[in-house]
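Structure, as structure tokens:
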Amino acid sequence: MTQTSVVIVGGGIVGLATAYRLMERYPDVRVTVLEKETQIAQHQTGHNSGVLHSGIYYKPGSLKAINCRAGKLAMEEFCQREGVPFDVCGKVIVATSEAELPALDTIFERGKANGVACEMIDRDRLAELEPHTRGVRALHVPETGIVNYVDVCHRMAERVIAAGGRVVTGAKVYAVRRVGGDLVFTTTIGEYTANLAVNCAGLYCDRVAAIAGAVPEVKIVPFRGEYFELKADAEHLVKNLIYPVPDPAFPFLGVHFTRMIGGGVECGPNAVLAFGREAYTRWQLSPRELSETLAFPGFRTMASKYWRTGMGEMWRSFSKGAFVRALQKLIPEIRASHLVAAPAGIRAQAIRKDGQLVDDFLVEETEHFIHVLNAPSPAATASLNIGNLVVDRLAGKL
């Protein structure tokens, strides 16, 4: 049995950022990160499109807005200090019709309220920034950037280990019990004992909370985001990042174009129900996890309300032509021949029992545990500040 002060379950970017912040502020505290995979950052972090989000979309005063703004600055400082490449390249949010202008105005007002440097631009200015994009008006957000978050995670892990912490891979947690005042974690490679713990398990955070004795108010429902990449001869159609005006009813940003820090341009994602929490292709299936999703009253309520939207997303999943048409709303020159399939990602979306999609970050606390129960985009951008938030809550218990 290995003794430590704090166990962090999950070796994605939120777990590693929390470990990094904890050891930065409390260097004498022994920290152990337990990651079930053989390498860190294998799921949401490793399938991230790599955007450094500005914080323009989020409701002022929300955890997303506060942590994204501060977290972006912290992430840029970390990358600059650690030599991780990033590029503050800017993006445009494009209204393709007059009907989208009120929603674009709302995003603009939110951006100003959140302190984001942004500017409403006309069609001529849009043509200067992104010549191949069609739109009646756009919002230019010059401070948006791109980075490789897997590279960030490896650097964070190095710093945690150098400071005396542990990052243990291949350690799936399948039981947690109280022994006196300690928590004992039973994993696939042995037991770990800690005084306190943080649940950053992402796609399985609700399950980890449950085995730790909590009663989470939400269930994670996995949504797969499918992507294409532009072939090299079509990359000139995109200079930086091009986004549509999102549907305000959903916490998804719609199919968009993202230049990647390592080269290439990604197109997507859509958002379809995944038939398992790690079902990265449409043919992968976990009968147990799918049945849990379908039996969850919150999912059924949400699905009954938004089934038309869901069917449209499913159609784009099976029809490359439908996906192309969605992309053509932003760049009419795009053709199916320009696209090659790219790896998909899965978003861990928390849903309440009444069917409400949780739009903000959700962090819950019990006596010995902090549970991060909803941390989708922009959690990677905000991760260092989410880490600070968690450490603040742990501070009185250390």
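We label chains A, B, ... in the order they appear in the structure tokens, count residues from 1 in each chain, and number ligands from 1 in the order shown.
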Handout entry: Nearby residues (only C-alpha atoms) at most 12 Å from range 372-374 of chain A, same-chain spacing under 4 positions excluded, as a PyMOL selection string
Key = chain A and resi 8-10+14-15+18+63-64+197-210+214-222+251+347-352+357-366+378-379+383+386-387+389-390+393
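Those residues that approach range 125-141 of chain A to within 6 Å, counting only C-alpha atoms, are Gly90, Lys91, Val92, Ile93, Val94, Ala95, Thr96, Cys118, Glu119, Met120, Ile121, Asp122, Arg123, Glu143, Leu237, Leu330 and Ile331 of chain A; same-chain residues fewer than 2 positions away are not listed.
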Dump as a PDB file, in the first residue's frame, selection limited to C-alpha atoms:
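This went into selection-v3.pdb:
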```pdb
ATOM      1  CA  GLY A  90      -7.130  35.113 -33.787  1.00  0.00           C
ATOM      2  CA  LYS A  91     -10.475  33.859 -35.016  1.00  0.00           C
ATOM      3  CA  VAL A  92     -13.658  35.086 -36.632  1.00  0.00           C
ATOM      4  CA  ILE A  93     -17.226  34.157 -35.636  1.00  0.00           C
ATOM      5  CA  VAL A  94     -19.235  34.510 -38.816  1.00  0.00           C
ATOM      6  CA  ALA A  95     -22.923  35.315 -39.288  1.00  0.00           C
ATOM      7  CA  THR A  96     -23.912  33.866 -42.651  1.00  0.00           C
ATOM      8  CA  CYS A 118     -13.089  41.722 -29.846  1.00  0.00           C
ATOM      9  CA  GLU A 119     -14.442  43.793 -32.717  1.00  0.00           C
ATOM     10  CA  MET A 120     -17.541  43.608 -34.882  1.00  0.00           C
ATOM     11  CA  ILE A 121     -16.414  43.718 -38.514  1.00  0.00           C
ATOM     12  CA  ASP A 122     -18.153  44.115 -41.863  1.00  0.00           C
ATOM     13  CA  ARG A 123     -17.921  41.901 -44.918  1.00  0.00           C
ATOM     14  CA  GLU A 143      -6.613  36.991 -28.851  1.00  0.00           C
ATOM     15  CA  LEU A 237      -8.878  28.312 -47.819  1.00  0.00           C
ATOM     16  CA  LEU A 330     -18.847  29.284 -43.975  1.00  0.00           C
ATOM     17  CA  ILE A 331     -16.599  28.513 -46.966  1.00  0.00           C
TER      18      ILE A 331
END
```
Practice task
Please provide the set of residues having any atom within 10 Å of Val6 in chain A, restricted to only C-alpha atoms, with same-chain residues fewer than 6 positions apart removed, written as number ranges by chain.
Solution key: A: 19, 22, 29-33, 165, 183, 192-198, 368-369, 394, 398
Could the residues in this selection be written to a file with N, CA and C atoms, as an mmCIF file, in the first residue's frame?
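Generated file (again03.cif):
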```
data_model
loop_
_atom_site.group_PDB
_atom_site.id
_atom_site.type_symbol
_atom_site.label_atom_id
_atom_site.label_comp_id
_atom_site.auth_asym_id
_atom_site.auth_seq_id
_atom_site.Cartn_x
_atom_site.Cartn_y
_atom_site.Cartn_z
ATOM 1 N N ALA A 19 -2.642 18.973 -10.011
ATOM 2 C CA ALA A 19 -1.447 18.485 -9.332
ATOM 3 C C ALA A 19 -0.329 19.524 -9.393
ATOM 4 N N LEU A 22 -1.153 22.383 -7.036
ATOM 5 C CA LEU A 22 -1.082 21.954 -5.648
ATOM 6 C C LEU A 22 0.375 21.904 -5.172
ATOM 7 N N VAL A 29 3.498 18.875 0.264
ATOM 8 C CA VAL A 29 2.387 17.927 0.172
ATOM 9 C C VAL A 29 2.737 16.838 -0.850
ATOM 10 N N ARG A 30 2.520 15.593 -0.471
ATOM 11 C CA ARG A 30 2.779 14.471 -1.379
ATOM 12 C C ARG A 30 1.549 14.238 -2.254
ATOM 13 N N VAL A 31 1.739 14.324 -3.556
ATOM 14 C CA VAL A 31 0.635 14.234 -4.523
ATOM 15 C C VAL A 31 0.864 13.050 -5.447
ATOM 16 N N THR A 32 -0.195 12.275 -5.662
ATOM 17 C CA THR A 32 -0.138 11.154 -6.602
ATOM 18 C C THR A 32 -1.300 11.263 -7.578
ATOM 19 N N VAL A 33 -0.989 11.284 -8.865
ATOM 20 C CA VAL A 33 -1.998 11.265 -9.926
ATOM 21 C C VAL A 33 -2.158 9.823 -10.388
ATOM 22 N N GLY A 165 6.230 14.781 -6.797
ATOM 23 C CA GLY A 165 4.955 14.098 -6.932
ATOM 24 C C GLY A 165 5.081 12.846 -7.780
ATOM 25 N N LEU A 183 -8.557 7.716 3.043
ATOM 26 C CA LEU A 183 -9.201 7.126 1.880
ATOM 27 C C LEU A 183 -8.261 6.086 1.297
ATOM 28 N N TYR A 192 -3.608 2.649 -2.821
ATOM 29 C CA TYR A 192 -3.025 3.945 -2.465
ATOM 30 C C TYR A 192 -3.875 4.552 -1.363
ATOM 31 N N THR A 193 -3.214 5.085 -0.352
ATOM 32 C CA THR A 193 -3.900 5.687 0.780
ATOM 33 C C THR A 193 -3.618 7.186 0.808
ATOM 34 N N ALA A 194 -4.666 7.978 1.018
ATOM 35 C CA ALA A 194 -4.508 9.432 1.035
ATOM 36 C C ALA A 194 -5.445 10.038 2.071
ATOM 37 N N ASN A 195 -5.110 11.247 2.476
ATOM 38 C CA ASN A 195 -5.994 11.997 3.371
ATOM 39 C C ASN A 195 -7.112 12.680 2.611
ATOM 40 N N LEU A 196 -6.785 13.173 1.387
ATOM 41 C CA LEU A 196 -7.728 13.919 0.555
ATOM 42 C C LEU A 196 -7.627 13.443 -0.881
ATOM 43 N N ALA A 197 -8.646 13.761 -1.671
ATOM 44 C CA ALA A 197 -8.626 13.331 -3.063
ATOM 45 C C ALA A 197 -9.391 14.315 -3.942
ATOM 46 N N VAL A 198 -9.014 14.301 -5.217
ATOM 47 C CA VAL A 198 -9.675 15.117 -6.232
ATOM 48 C C VAL A 198 -10.050 14.196 -7.392
ATOM 49 N N HIS A 368 -13.853 14.730 2.259
ATOM 50 C CA HIS A 368 -12.470 14.395 1.897
ATOM 51 C C HIS A 368 -12.216 14.442 0.386
ATOM 52 N N PHE A 369 -13.202 14.843 -0.378
ATOM 53 C CA PHE A 369 -13.112 14.718 -1.831
ATOM 54 C C PHE A 369 -13.585 16.000 -2.513
ATOM 55 N N LEU A 394 -9.248 22.832 -1.300
ATOM 56 C CA LEU A 394 -8.503 21.889 -0.484
ATOM 57 C C LEU A 394 -7.739 22.557 0.652
ATOM 58 N N LEU A 398 -5.788 20.738 4.163
ATOM 59 C CA LEU A 398 -4.431 20.179 4.078
ATOM 60 C C LEU A 398 -3.718 20.247 5.438
#
```
Exercise for the section: Do a neighbour search on Phe299 in chain A at 7 Å with only C-alpha atoms, toss out local chain neighbours closer than 5 positions, and write the hits as a ChimeraX atom specification. Expected result: /A:293-294,355
Based on the selection just made, write N, CA, C and O atoms of those residues as an mmCIF file, in the first residue's frame.
```cif
data_model
loop_
_atom_site.group_PDB
_atom_site.id
_atom_site.type_symbol
_atom_site.label_atom_id
_atom_site.label_comp_id
_atom_site.auth_asym_id
_atom_site.auth_seq_id
_atom_site.Cartn_x
_atom_site.Cartn_y
_atom_site.Cartn_z
ATOM 1 N N THR A 293 -27.150 5.131 -20.405
ATOM 2 C CA THR A 293 -27.546 6.421 -20.974
ATOM 3 C C THR A 293 -29.023 6.426 -21.326
ATOM 4 O O THR A 293 -29.764 7.355 -20.969
ATOM 5 N N LEU A 294 -29.470 5.386 -22.038
ATOM 6 C CA LEU A 294 -30.861 5.341 -22.500
ATOM 7 C C LEU A 294 -31.848 5.219 -21.340
ATOM 8 O O LEU A 294 -32.995 5.676 -21.444
ATOM 9 N N GLY A 355 -33.192 16.748 -17.377
ATOM 10 C CA GLY A 355 -32.866 16.874 -18.792
ATOM 11 C C GLY A 355 -32.074 18.105 -19.155
ATOM 12 O O GLY A 355 -31.753 18.316 -20.327
#
```
Handout entry: Option closest in space to Pro142 in chain A, from A:Trp283, A:Asp87, A:Leu327, A:Glu289 [counting only C-alpha atoms]
Key = A:Asp87
Exercise for the section: Find the residues around Met260 in chain A up to 10 Å (only C-alpha atoms counted), leave out those fewer than 5 positions away in its own chain, and share them as a PyMOL selection string. Expected result: chain A and resi 49-51+86-87+145-148+240-241+265-266
